[in-house]
$ cat structure.pdb   # PDB, C-alpha atoms and all ligand atoms
MODEL        1
ATOM      1  CA  MET A 290       3.726 -42.234-157.431  1.00  0.00           C
ATOM      2  CA  PRO A 291       2.966 -38.505-157.867  1.00  0.00           C
ATOM      3  CA  GLU A 292       0.166 -37.546-160.189  1.00  0.00           C
ATOM      4  CA  PHE A 293       0.329 -34.498-162.475  1.00  0.00           C
ATOM      5  CA  PHE A 294      -2.494 -31.973-162.189  1.00  0.00           C
ATOM      6  CA  THR A 295      -3.136 -29.224-164.733  1.00  0.00           C
ATOM      7  CA  VAL A 296      -3.302 -25.875-162.913  1.00  0.00           C
ATOM      8  CA  ALA A 297      -3.238 -23.205-165.637  1.00  0.00           C
ATOM      9  CA  ARG A 298      -2.088 -22.266-169.097  1.00  0.00           C
ATOM     10  CA  VAL A 299       1.451 -20.858-169.288  1.00  0.00           C
ATOM     11  CA  GLU A 300       0.214 -17.385-170.231  1.00  0.00           C
ATOM     12  CA  GLU A 301      -1.748 -17.170-166.970  1.00  0.00           C
ATOM     13  CA  VAL A 302       1.484 -16.948-164.914  1.00  0.00           C
ATOM     14  CA  PRO A 303       3.440 -13.965-166.284  1.00  0.00           C
ATOM     15  CA  GLU A 304       7.221 -13.872-166.160  1.00  0.00           C
ATOM     16  CA  GLY A 305       8.573 -12.792-162.762  1.00  0.00           C
ATOM     17  CA  GLN A 306       5.241 -13.451-161.050  1.00  0.00           C
ATOM     18  CA  ALA A 307       3.442 -16.203-159.164  1.00  0.00           C
ATOM     19  CA  ARG A 308      -0.103 -17.490-158.978  1.00  0.00           C
ATOM     20  CA  VAL A 309      -1.679 -19.696-156.334  1.00  0.00           C
ATOM     21  CA  TYR A 310      -3.796 -22.746-157.121  1.00  0.00           C
ATOM     22  CA  GLN A 311      -5.670 -25.320-155.117  1.00  0.00           C
ATOM     23  CA  VAL A 312      -4.295 -28.711-156.106  1.00  0.00           C
ATOM     24  CA  ALA A 313      -5.569 -31.909-154.512  1.00  0.00           C
ATOM     25  CA  GLY A 314      -6.503 -30.035-151.364  1.00  0.00           C
ATOM     26  CA  ARG A 315      -3.182 -28.145-151.125  1.00  0.00           C
ATOM     27  CA  GLU A 316      -2.344 -24.499-151.838  1.00  0.00           C
ATOM     28  CA  ILE A 317       0.440 -24.459-154.422  1.00  0.00           C
ATOM     29  CA  ALA A 318       2.315 -21.355-155.587  1.00  0.00           C
ATOM     30  CA  VAL A 319       3.479 -21.532-159.208  1.00  0.00           C
ATOM     31  CA  PHE A 320       6.302 -19.171-160.183  1.00  0.00           C
ATOM     32  CA  ASN A 321       7.517 -18.154-163.630  1.00  0.00           C
ATOM     33  CA  LEU A 322      11.264 -17.451-163.625  1.00  0.00           C
ATOM     34  CA  ARG A 323      12.145 -16.329-167.161  1.00  0.00           C
ATOM     35  CA  GLY A 324       9.919 -18.968-168.668  1.00  0.00           C
ATOM     36  CA  ASP A 325      10.914 -21.709-166.199  1.00  0.00           C
ATOM     37  CA  PHE A 326       8.031 -22.737-163.997  1.00  0.00           C
ATOM     38  CA  HIS A 327       8.465 -23.856-160.391  1.00  0.00           C
ATOM     39  CA  ALA A 328       5.976 -24.916-157.751  1.00  0.00           C
ATOM     40  CA  LEU A 329       6.220 -24.480-153.988  1.00  0.00           C
ATOM     41  CA  ASP A 330       3.903 -25.100-151.093  1.00  0.00           C
ATOM     42  CA  ASN A 331       2.177 -21.723-150.719  1.00  0.00           C
ATOM     43  CA  ILE A 332       2.289 -21.949-146.925  1.00  0.00           C
ATOM     44  CA  CYS A 333       5.399 -20.386-145.387  1.00  0.00           C
ATOM     45  CA  PRO A 334       6.983 -22.736-142.824  1.00  0.00           C
ATOM     46  CA  HIS A 335       7.470 -19.836-140.402  1.00  0.00           C
ATOM     47  CA  ARG A 336       3.889 -18.863-139.559  1.00  0.00           C
ATOM     48  CA  GLY A 337       1.896 -19.799-142.630  1.00  0.00           C
ATOM     49  CA  GLY A 338       2.237 -16.678-144.769  1.00  0.00           C
ATOM     50  CA  PRO A 339       1.289 -16.869-148.463  1.00  0.00           C
ATOM     51  CA  LEU A 340       4.535 -17.307-150.407  1.00  0.00           C
ATOM     52  CA  GLY A 341       2.716 -16.882-153.718  1.00  0.00           C
ATOM     53  CA  GLU A 342       2.037 -13.272-152.711  1.00  0.00           C
ATOM     54  CA  GLY A 343       5.669 -12.688-151.788  1.00  0.00           C
ATOM     55  CA  PHE A 344       8.225 -10.366-153.345  1.00  0.00           C
ATOM     56  CA  ILE A 345      10.213 -12.071-156.104  1.00  0.00           C
ATOM     57  CA  SER A 346      13.819 -11.090-156.744  1.00  0.00           C
ATOM     58  CA  GLY A 347      15.989 -13.225-158.998  1.00  0.00           C
ATOM     59  CA  SER A 348      15.237 -16.796-157.977  1.00  0.00           C
ATOM     60  CA  GLU A 349      14.150 -15.896-154.428  1.00  0.00           C
ATOM     61  CA  VAL A 350      10.760 -15.172-152.968  1.00  0.00           C
ATOM     62  CA  THR A 351      10.363 -13.202-149.757  1.00  0.00           C
ATOM     63  CA  CYS A 352       7.362 -13.995-147.595  1.00  0.00           C
ATOM     64  CA  PRO A 353       5.032 -10.981-147.288  1.00  0.00           C
ATOM     65  CA  TRP A 354       4.468 -11.545-143.550  1.00  0.00           C
ATOM     66  CA  HIS A 355       7.900 -11.522-141.874  1.00  0.00           C
ATOM     67  CA  ALA A 356      10.323 -11.436-144.814  1.00  0.00           C
ATOM     68  CA  TRP A 357      11.809 -14.909-144.663  1.00  0.00           C
ATOM     69  CA  SER A 358      13.180 -15.656-148.114  1.00  0.00           C
ATOM     70  CA  PHE A 359      13.312 -18.930-150.001  1.00  0.00           C
ATOM     71  CA  ASP A 360      14.978 -20.235-153.144  1.00  0.00           C
ATOM     72  CA  ILE A 361      12.157 -20.753-155.621  1.00  0.00           C
ATOM     73  CA  LYS A 362      14.000 -23.618-157.347  1.00  0.00           C
ATOM     74  CA  THR A 363      14.950 -25.641-154.266  1.00  0.00           C
ATOM     75  CA  GLY A 364      12.615 -24.338-151.572  1.00  0.00           C
ATOM     76  CA  ALA A 365      15.583 -23.727-149.256  1.00  0.00           C
ATOM     77  CA  TYR A 366      15.303 -21.001-146.604  1.00  0.00           C
ATOM     78  CA  THR A 367      18.075 -18.484-147.333  1.00  0.00           C
ATOM     79  CA  PHE A 368      19.566 -18.492-143.821  1.00  0.00           C
ATOM     80  CA  ASP A 369      19.151 -22.198-143.059  1.00  0.00           C
ATOM     81  CA  PRO A 370      18.815 -24.385-146.166  1.00  0.00           C
ATOM     82  CA  GLU A 371      17.731 -27.350-144.054  1.00  0.00           C
ATOM     83  CA  LEU A 372      14.528 -25.465-143.297  1.00  0.00           C
ATOM     84  CA  ALA A 373      12.947 -25.733-146.718  1.00  0.00           C
ATOM     85  CA  VAL A 374       9.488 -25.303-148.102  1.00  0.00           C
ATOM     86  CA  GLN A 375       8.242 -28.262-150.130  1.00  0.00           C
ATOM     87  CA  THR A 376       8.761 -28.131-153.892  1.00  0.00           C
ATOM     88  CA  PHE A 377       6.795 -29.957-156.543  1.00  0.00           C
ATOM     89  CA  GLU A 378       7.787 -31.149-160.014  1.00  0.00           C
ATOM     90  CA  VAL A 379       6.379 -29.053-162.846  1.00  0.00           C
ATOM     91  CA  ARG A 380       5.982 -29.960-166.492  1.00  0.00           C
ATOM     92  CA  ILE A 381       4.523 -28.123-169.470  1.00  0.00           C
ATOM     93  CA  GLN A 382       2.300 -30.040-171.841  1.00  0.00           C
ATOM     94  CA  ASN A 383       0.471 -28.446-174.772  1.00  0.00           C
ATOM     95  CA  GLY A 384       0.832 -25.016-173.181  1.00  0.00           C
ATOM     96  CA  GLU A 385      -0.526 -26.179-169.831  1.00  0.00           C
ATOM     97  CA  ILE A 386       1.322 -26.051-166.516  1.00  0.00           C
ATOM     98  CA  GLN A 387       1.083 -29.350-164.694  1.00  0.00           C
ATOM     99  CA  VAL A 388       2.200 -29.887-161.094  1.00  0.00           C
ATOM    100  CA  ALA A 389       2.978 -33.277-159.559  1.00  0.00           C
ATOM    101  CA  LEU A 390       1.586 -34.069-156.139  1.00  0.00           C
TER     102      LEU A 390
HETATM  103  S1  LIG B 401       4.996 -16.373-142.092  1.00  0.00           S
HETATM  104 FE1  LIG B 401       6.461 -16.253-143.651  1.00  0.00          FE
HETATM  105  S2  LIG B 401       8.104 -15.194-142.731  1.00  0.00           S
HETATM  106 FE2  LIG B 401       6.655 -15.389-141.152  1.00  0.00          FE
ENDMDL
END

$ encode --input "structure.pdb" --output "structure tokens"
Amino acid sequence: MPEFFTVARVEEVPEGQARVYQVAGREIAVFNLRGDFHALDNICPHRGGPLGEGFISGSEVTCPWHAWSFDIKTGAYTFDPELAVQTFEVRIQNGEIQVAL
């Protein structure tokens, strides 16, 4: 059963941006897409680049190392959806972003 961890307050992740948090020993990138929060493993499945530092366009993030792009909502790699980065459930409670691991 996943457990929810509080990572930040909603105002700490501005719209159209991401922040990276250590959660239960993992690096998790939290994205704010027009007020909807999503969480991905921060580690790019290609060579380990930091997806939370990637370029965000629409609902995609492009890895800053070699430009692989992923759907922020599903984690799917744009050119091969079966190669996905792990996603995590997010909920907002009392203005806090909580991520389930
Ligand atoms: S490490 Fe992310 S595209 Fe290469």

$ closest_atom_pairs --input "structure.pdb" --of "chain A" --to "ligand LIG 401 (chain B)" --cutoff "6 Å" --atoms "all atoms listed in the file" --output "JSON lines"
{"residue": "A:Cys333", "atom": "CA", "partner": "B:LIG401", "partner_atom": "FE1", "distance": 4.6}
{"residue": "A:His335", "atom": "CA", "partner": "B:LIG401", "partner_atom": "S1", "distance": 4.6}
{"residue": "A:Arg336", "atom": "CA", "partner": "B:LIG401", "partner_atom": "S1", "distance": 3.7}
{"residue": "A:Gly337", "atom": "CA", "partner": "B:LIG401", "partner_atom": "S1", "distance": 4.7}
{"residue": "A:Gly338", "atom": "CA", "partner": "B:LIG401", "partner_atom": "S1", "distance": 3.9}
{"residue": "A:Cys352", "atom": "CA", "partner": "B:LIG401", "partner_atom": "FE1", "distance": 4.6}
{"residue": "A:Trp354", "atom": "CA", "partner": "B:LIG401", "partner_atom": "FE2", "distance": 5.0}
{"residue": "A:His355", "atom": "CA", "partner": "B:LIG401", "partner_atom": "S2", "distance": 3.8}
{"residue": "A:Ala356", "atom": "CA", "partner": "B:LIG401", "partner_atom": "S2", "distance": 4.8}
{"residue": "A:Trp357", "atom": "CA", "partner": "B:LIG401", "partner_atom": "S2", "distance": 4.2}

$ resolve_selection --input "structure.pdb" --expression "the PyMOL selection byres (((chain A and resi 292) around 8) and not hetatm)" --output "MDAnalysis selection string"
chainID A and resid 290:291 293:294 388:390

$ atom_distance --input "structure.pdb" --atom1 "CA of Thr351 (chain A)" --atom2 "CA of Ile317 (chain A)"
15.7 Å

$ resolve_selection --input "structure.pdb" --expression "the PyMOL selection byres (((chain A and resi 371-385) around 12) and not hetatm)" --output "ChimeraX atom specification"
/A:291-302,312,315-321,324-335,337-340,350,352,357-370,386-390

$ atom_distance --input "structure.pdb" --atom1 "CA of Arg308 (chain A)" --atom2 "CA of Leu322 (chain A)"
12.3 Å

$ atom_distance --input "structure.pdb" --atom1 "CA of Ser346 (chain A)" --atom2 "CA of Gln306 (chain A)"
9.9 Å

$ axis_aligned_box --input "structure.pdb" --around "region 380-387 of chain A" --padding-each-side "6 Å" --output "lines of an AutoDock Vina configuration file"
center_x = 2.7
center_y = -27.5
center_z = -169.7
size_x = 18.5
size_y = 17.0
size_z = 22.1
